[in-house]
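What follows is protein-v1.cif (mmCIF, C-alpha atoms).
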data_final
#
loop_
_atom_site.label_atom_id
_atom_site.label_comp_id
_atom_site.auth_asym_id
_atom_site.auth_seq_id
_atom_site.Cartn_x
_atom_site.Cartn_y
_atom_site.Cartn_z
CA MET I 866 0.00 0.00 0.00
CA ASP I 867 1.03 3.62 -0.56
CA ASP I 868 2.07 6.04 2.15
CA LEU I 869 -0.70 8.47 2.99
CA VAL I 870 1.78 10.84 4.63
CA ARG I 871 5.51 10.68 5.32
CA PHE I 872 7.72 12.71 7.67
CA GLU I 873 11.37 12.69 6.59
CA ASP I 874 14.02 14.01 9.00
CA ALA I 875 11.53 16.67 10.02
CA ALA I 876 11.94 19.20 12.82
CA LEU I 877 8.59 20.28 14.21
CA GLY I 878 7.65 23.14 16.48
CA TYR I 879 7.23 26.89 16.68
CA ASP I 880 10.82 28.20 16.88
CA ALA I 881 13.63 26.96 14.66
CA ALA I 882 16.08 27.61 17.50
CA ALA I 883 14.17 25.26 19.83
CA PRO I 884 12.14 22.62 17.94
CA VAL I 885 9.77 20.46 19.94
CA LEU I 886 10.54 17.33 17.89
CA GLN I 887 13.65 16.61 15.82
CA HIS I 888 14.67 14.10 13.15
CA VAL I 889 11.13 12.77 12.81
CA ASP I 890 10.93 9.86 10.39
CA LEU I 891 7.38 8.57 10.40
CA SER I 892 4.91 7.32 7.82
CA LEU I 893 1.26 6.36 7.76
CA VAL I 894 0.21 3.72 5.24
CA GLU I 895 -3.25 3.78 3.68
CA GLY I 896 -5.68 1.81 5.84
CA GLU I 897 -3.35 1.76 8.85
CA PHE I 898 -4.23 2.45 12.50
CA LEU I 899 -1.46 4.44 14.23
CA GLY I 900 -1.40 5.15 17.96
CA LEU I 901 0.30 8.34 19.16
CA VAL I 902 1.40 8.32 22.80
CA GLY I 903 3.81 10.06 25.15
CA PRO I 904 4.01 12.02 28.40
CA ASN I 905 2.52 15.50 28.74
CA GLY I 906 4.63 18.03 26.88
CA SER I 907 6.28 15.43 24.65
CA GLY I 908 5.02 17.01 21.41
CA LYS I 909 1.86 15.10 20.55
CA THR I 910 -0.12 18.31 19.89
CA THR I 911 2.72 19.69 17.77
CA LEU I 912 2.80 16.55 15.63
CA VAL I 913 -0.99 16.57 15.22
CA LYS I 914 -1.00 20.24 14.21
CA THR I 915 1.60 19.47 11.56
CA LEU I 916 -0.44 16.49 10.39
CA LEU I 917 -3.52 18.73 10.08
CA GLY I 918 -1.59 21.38 8.14
CA ALA I 919 -1.77 24.01 10.89
CA LEU I 920 2.03 23.96 11.24
CA GLU I 921 4.74 23.71 8.59
CA PRO I 922 7.87 21.70 9.43
CA LEU I 923 10.79 23.84 10.56
CA SER I 924 13.10 21.69 8.45
CA GLY I 925 13.01 18.37 6.68
CA ARG I 926 9.96 17.29 4.73
CA VAL I 927 6.34 16.26 5.21
CA SER I 928 4.89 14.83 1.99
CA TRP I 929 1.36 13.66 1.18
CA ARG I 930 -0.03 11.25 -1.35
CA GLU I 931 -1.62 13.00 -4.30
CA PRO I 932 -4.39 14.00 -4.40
CA ARG I 933 -4.10 15.04 -0.77
CA PRO I 934 -6.56 13.06 1.36
CA ALA I 935 -9.42 14.64 3.26
CA ILE I 936 -8.94 14.61 7.04
CA GLY I 937 -11.61 14.25 9.71
CA TYR I 938 -10.49 15.61 13.09
CA VAL I 939 -12.11 14.93 16.47
CA ALA I 940 -10.62 17.38 18.96
CA GLN I 941 -10.64 17.33 22.75
CA GLU I 942 -13.94 19.10 23.17
CA ARG I 943 -17.54 18.81 24.15
CA PRO I 944 -20.30 19.88 21.75
CA PRO I 945 -21.58 23.47 22.10
CA ASP I 946 -23.51 24.01 25.34
CA SER I 947 -27.10 25.06 25.87
CA LEU I 948 -26.42 28.56 24.53
CA TRP I 949 -26.43 26.93 21.10
CA PRO I 950 -29.90 25.49 20.42
CA LEU I 951 -28.57 22.73 18.18
CA THR I 952 -29.65 19.15 17.72
CA VAL I 953 -27.41 16.19 17.05
CA GLU I 954 -28.30 16.34 13.34
CA ASP I 955 -27.49 20.08 13.19
CA MET I 956 -24.02 19.57 14.63
CA VAL I 957 -23.17 16.50 12.55
CA LEU I 958 -24.18 18.35 9.38
CA MET I 959 -21.66 21.09 10.25
CA GLY I 960 -18.92 18.65 9.31
CA ARG I 961 -20.25 18.72 5.75
CA TYR I 962 -19.97 22.50 5.36
CA PRO I 963 -16.48 22.43 3.74
CA ARG I 964 -18.04 20.43 0.87
CA MET I 965 -21.18 22.59 0.78
CA GLY I 966 -19.40 25.95 0.50
CA TRP I 967 -19.01 28.93 2.83
CA LEU I 968 -22.67 29.92 2.48
CA PRO I 969 -24.33 26.51 2.29
CA GLY I 970 -27.85 26.24 1.04
CA PRO I 971 -30.17 23.31 1.73
CA PRO I 972 -28.33 19.97 1.90
CA SER I 973 -28.13 18.15 -1.42
CA GLU I 974 -29.10 14.53 -1.90
CA GLY I 975 -25.43 13.61 -1.51
CA ASP I 976 -25.18 15.60 1.74
CA ARG I 977 -28.28 13.84 3.08
CA THR I 978 -26.88 10.44 2.16
CA ALA I 979 -23.61 11.23 3.96
CA LEU I 980 -25.57 12.47 6.99
CA GLU I 981 -27.62 9.28 7.24
CA GLU I 982 -24.49 7.15 6.91
CA ALA I 983 -22.60 9.09 9.62
CA LEU I 984 -25.57 8.89 12.01
CA ARG I 985 -25.97 5.17 11.32
CA ARG I 986 -22.34 4.29 11.82
CA CYS I 987 -22.25 6.13 15.15
CA ASP I 988 -25.63 4.73 16.31
CA LEU I 989 -27.26 8.16 16.45
CA ILE I 990 -30.36 7.70 14.26
CA ARG I 991 -32.72 7.68 17.23
CA LEU I 992 -30.94 10.68 18.79
CA ARG I 993 -30.83 12.88 15.69
CA ASP I 994 -33.40 15.39 17.00
CA ARG I 995 -32.12 15.47 20.58
CA PRO I 996 -30.67 18.80 21.81
CA LEU I 997 -26.92 18.65 22.40
CA ARG I 998 -27.32 19.75 26.01
CA GLU I 999 -29.21 16.53 26.77
CA LEU I 1000 -26.48 14.16 25.57
CA SER I 1001 -24.46 11.95 27.85
CA VAL I 1002 -20.66 12.02 27.60
CA GLY I 1003 -20.59 8.94 25.39
CA GLN I 1004 -23.39 10.19 23.13
CA ALA I 1005 -21.65 13.54 22.75
CA GLN I 1006 -18.42 11.86 21.69
CA ARG I 1007 -20.25 9.73 19.14
CA ALA I 1008 -21.78 12.93 17.75
CA LEU I 1009 -18.34 14.53 17.41
CA ILE I 1010 -17.04 11.44 15.60
CA ALA I 1011 -20.08 11.49 13.29
CA ARG I 1012 -19.35 15.17 12.50
CA ALA I 1013 -15.87 14.13 11.36
CA LEU I 1014 -17.15 11.15 9.37
CA ILE I 1015 -19.72 13.10 7.37
CA SER I 1016 -16.90 14.74 5.41
CA GLU I 1017 -16.02 11.25 4.13
CA PRO I 1018 -12.38 11.49 5.23
CA GLU I 1019 -9.59 9.19 4.17
CA LEU I 1020 -7.78 9.95 7.44
CA LEU I 1021 -9.51 10.19 10.83
CA VAL I 1022 -7.55 11.83 13.67
CA LEU I 1023 -8.92 11.21 17.17
CA ASP I 1024 -7.43 13.35 19.95
CA GLU I 1025 -8.01 11.82 23.42
CA PRO I 1026 -11.46 10.45 22.49
CA THR I 1027 -11.98 8.79 25.91
CA ARG I 1028 -10.69 11.60 28.12
CA ALA I 1029 -12.61 11.92 31.42
CA MET I 1030 -14.84 8.93 30.65
CA ASP I 1031 -15.68 6.09 33.01
CA LEU I 1032 -14.87 2.47 32.16
CA SER I 1033 -18.19 1.60 30.55
CA VAL I 1034 -18.26 4.68 28.29
CA THR I 1035 -14.60 4.17 27.39
CA ALA I 1036 -15.42 0.60 26.31
CA GLU I 1037 -18.35 1.88 24.23
CA VAL I 1038 -16.23 4.47 22.42
CA ARG I 1039 -13.39 1.97 21.92
CA GLU I 1040 -15.72 -0.48 20.19
CA LEU I 1041 -17.08 2.29 17.97
CA ILE I 1042 -13.55 3.25 16.91
CA ARG I 1043 -12.72 -0.39 16.24
CA GLU I 1044 -15.86 -0.87 14.13
CA LEU I 1045 -15.30 2.31 12.12
CA HIS I 1046 -11.81 1.25 11.19
CA SER I 1047 -12.75 -2.35 10.41
CA GLU I 1048 -15.67 -1.36 8.15
CA THR I 1049 -13.22 -0.46 5.38
CA GLY I 1050 -13.02 2.80 7.27
CA PRO I 1051 -10.46 5.59 6.97
CA SER I 1052 -6.84 5.40 8.05
CA THR I 1053 -6.80 6.34 11.72
CA VAL I 1054 -4.49 8.20 14.10
CA LEU I 1055 -5.41 7.84 17.77
CA VAL I 1056 -3.81 10.22 20.28
CA SER I 1057 -4.22 9.02 23.86
CA HIS I 1058 -2.62 8.76 27.28
CA ASP I 1059 -4.45 5.45 27.72
CA LEU I 1060 -1.85 2.87 26.71
CA ASN I 1061 -4.35 0.04 27.11
CA LEU I 1062 -6.72 1.71 24.65
CA VAL I 1063 -3.93 2.25 22.12
CA ALA I 1064 -2.55 -1.28 22.51
CA SER I 1065 -6.00 -2.78 21.91
CA LEU I 1066 -6.57 -0.88 18.66
CA ALA I 1067 -3.40 0.29 16.93
CA HIS I 1068 -1.38 -1.61 14.34
CA ARG I 1069 1.66 0.56 15.05
CA VAL I 1070 2.58 3.09 17.72
CA ALA I 1071 4.61 6.29 17.69
CA LEU I 1072 5.95 7.05 21.19
CA LEU I 1073 7.15 10.63 21.73
CA HIS I 1074 9.84 11.28 24.34
CA GLU I 1075 12.46 13.99 24.86
CA GLY I 1076 12.15 15.42 21.36
CA ALA I 1077 12.29 12.08 19.55
CA VAL I 1078 9.68 9.83 17.94
CA HIS I 1079 10.07 6.07 18.36
CA SER I 1080 7.73 4.17 16.04
CA GLY I 1081 7.13 0.53 15.23
CA ASP I 1082 4.91 -2.45 15.98
CA THR I 1083 2.73 -1.92 19.03
CA ASP I 1084 4.22 -4.82 21.02
CA LYS I 1085 7.77 -3.58 20.48
CA VAL I 1086 7.24 0.13 21.12
CA LEU I 1087 5.13 -0.53 24.22
CA GLY I 1088 7.63 -3.04 25.56
CA GLU I 1089 9.09 -3.02 29.06
CA GLU I 1090 12.46 -1.51 28.19
CA ARG I 1091 11.03 1.47 26.30
CA LEU I 1092 8.31 2.17 28.87
CA ARG I 1093 10.83 2.08 31.73
CA GLU I 1094 12.91 4.60 29.81
CA VAL I 1095 9.96 6.95 29.32
CA PHE I 1096 8.00 6.53 32.55
CA GLY I 1097 10.67 5.32 34.97
CA ASP I 1098 9.42 4.13 38.35
CA ARG I 1099 5.87 5.17 37.44
CA PHE I 1100 5.64 2.13 35.18
CA ASP I 1101 4.82 -1.15 36.90
CA ALA I 1102 6.49 -3.78 34.70
CA ASP I 1103 5.74 -6.67 37.06
CA LEU I 1104 2.03 -5.92 37.01
CA MET I 1105 2.06 -5.65 33.21
CA LYS I 1106 3.60 -9.13 32.98
CA GLN I 1107 0.95 -10.56 35.28
CA THR I 1108 -2.11 -8.88 33.79
CA GLY I 1109 -1.13 -7.71 30.31
CA LEU I 1110 -2.30 -4.23 31.31
CA PHE I 1111 -0.32 -0.99 31.46
CA LEU I 1112 -0.89 0.35 34.96
CA PRO I 1113 0.95 3.05 36.93
CA ARG I 1114 2.93 2.27 40.06
CA PHE I 1115 1.55 4.17 43.03
CA PRO I 1116 3.94 5.15 45.82
CA THR I 1117 3.45 3.41 49.15
CA ASP I 1118 1.41 5.61 51.47
CA PRO I 1119 3.58 6.30 54.56
CA ARG I 1120 0.65 7.51 56.63
CA PRO I 1121 -0.67 5.26 59.39
CA SER I 1122 -3.90 3.38 58.78
CA ARG I 1123 -7.11 5.19 59.62
CA ARG I 1124 -9.08 2.04 60.29
CA SER I 1125 -11.38 2.31 63.28
CA SER I 1126 -11.29 0.04 66.30
CA ARG I 1127 -14.34 -1.77 64.89
CA ASP I 1128 -12.33 -2.49 61.70
CA GLU I 1129 -9.60 -4.00 63.89
CA GLY I 1130 -12.02 -6.61 65.14
CA GLU I 1131 -13.78 -5.07 68.14
CA THR I 1132 -17.36 -6.25 68.43
CA GLY I 1133 -18.58 -4.06 71.28
CA ASN I 1134 -21.78 -5.39 72.85
CA ASP I 1135 -22.97 -7.18 69.74
CA ALA I 1136 -22.31 -10.49 71.44
#
Translate the structure of the given file into structure tokens.
Amino acid sequence: MDDLVRFEDAALGYDAAAPVLQHVDLSLVEGEFLGLVGPNGSGKTTLVKTLLGALEPLSGRVSWREPRPAIGYVAQERPPDSLWPLTVEDMVLMGRYPRMGWLPGPPSEGDRTALEEALRRCDLIRLRDRPLRELSVGQAQRALIARALISEPELLVLDEPTRAMDLSVTAEVRELIRELHSETGPSTVLVSHDLNLVASLAHRVALLHEGAVHSGDTDKVLGEERLREVFGDRFDADLMKQTGLFLPRFPTDPRPSRRSSRDEGETGNDA
């Protein structure tokens, strides 16, 4: 398969004297699922901005397949609040505006077909007329993903799609992402701090650390040696070996126990 985009010895950032990332060699193949991970401040946002065309490389080269593919972007955001009297259908249709023109008229038959497909794929048909302010966290995220899908992108970029979600909603969104990619969906870039989420979905991973990008097969990049290097004592390698999960190591609490005398086994007059 052809490369959708390729970074070649690229320096990325905002100041040529102090690039955020250097010597970036990274490619995304058509149909691939790439995970993008790294500590806070490692350059994930900088790389995504360059991928979206909001930043030009400071040096090196970023080249795209021709014709340049359409990109659907799901940012770290919630839908507009109650000050915007919009329904789910209204917001999803906004993602079609670039194809409809700056002063869009009534949706065409093609726009309507794309709308129905985006709502269907994100399981939003029955919620299409619901006001945005009434959506749950998971429903709101599905609406944001549908807004990106309606543009019929060849590349879908998801930025922390499960941020601040509980376990059940995270599982729901993860399965949606998996289904979208497996249904002959777009190439996908998933940015997340959740290593378990990335490991369960991505074909390859790019791990950002100290100005460098380490990319390769998920199992290799998220291996013990590399994670110890990046996260140090915060990474619990023993627990990963036992459970297969990436979990942080919490420091031992030096404070004395606050258990009550009843917790210690006192029964009072219950006898």
List the spatial neighbours of I:His1068 as a PyMOL selection string - criterion: any atom at most 9 Å away, all atoms listed in the file, same-chain residues fewer than 4 positions off excluded.
chain I and resi 897-900+1064+1081-1083
In Å, rounded to a single decimal, give me how far atom CA of I:Pro1018 is from atom CA of I:Val1086.
27.7 Å
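Across the chains present, the PyMOL selection byres ((chain I and resi 940) around 10) applied to this file returns Gly937, Tyr938, Val939, Gln941, Glu942, Arg943, Gln1006, Leu1009, Ile1010, Ala1013, Val1022, Leu1023, Asp1024, Glu1025, Pro1026 and Val1056 of chain I.
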Which residues, named as in the file, does the PyMOL selection byres ((chain I and resi 902) around 6) pick out? Answer as a tab-separated table (two decimals) with C-alpha atoms, keeping the file's coordinate frame.
chain	number	residue	atom	x	y	z
I	901	LEU	CA	0.30	8.34	19.16
I	903	GLY	CA	3.81	10.06	25.15
I	1057	SER	CA	-4.22	9.02	23.86
I	1072	LEU	CA	5.95	7.05	21.19
Selection near stretch 927-932 of chain I, 8 Å with all atoms listed in the file, sequence-local residues under 2 positions removed, as a PyMOL selection string
chain I and resi 867-873+875+922+925+934
Quick one: residues within 10 Å of I:Glu921, all atoms listed in the file counted, chain neighbours fewer than 6 positions away excluded, as an MDAnalysis selection string?
chainID I and resid 875:879 914:915 927
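Using the PyMOL selection byres ((chain I and resi 974-983) around 6) on the file at hand returns these residues: I:Pro972, I:Ser973, I:Leu984, I:Arg985, I:Arg986, I:Ala1011, I:Leu1014, I:Ile1015.
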Separation of atom CA of I:Val889 from atom CA of I:Gly1076 in Å:
9.0 Å
Measuring between all atoms listed in the file, which one of I:Leu958, I:Leu1062, I:Val894, I:Val1095 shows the shortest distance to I:Val1078?
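Using all atoms listed in the file, the shortest distance to I:Val1078 belongs to I:Val1095.
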For stretch 994-997 of chain I: contacts at 6 Å, all atoms listed in the file, fewer than 4 positions along chain excluded, given as a PyMOL selection string
chain I and resi 951-953
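Residues surrounding I:Asp874 within 8 Å are Gln887, His888, Val889, Asp890, Ser924, Gly925 and Arg926 of chain I [all atoms listed in the file; sequence separation below 6 positions excluded].
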Looking at I:Asp988, I:Glu1017, I:Glu1048, I:Glu1089, which one is nearest to I:Arg961, with distances taken over all atoms listed in the file?
I:Glu1017
May I have the centre and edge lengths, in Å to one decimal, of an axis-aligned box around the listed atoms of stretch 919-925 of chain I with 6 Å added to every side, as lines of an AutoDock Vina configuration file?
center_x = 5.7
center_y = 21.2
center_z = 9.0
size_x = 26.9
size_y = 17.6
size_z = 16.6
Residue nearest I:Met1030 - candidates I:Cys987, I:Met959, I:Leu1092, I:Val1002, atoms counted: all atoms listed in the file
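Of all the options, I:Val1002 lies closest to I:Met1030.
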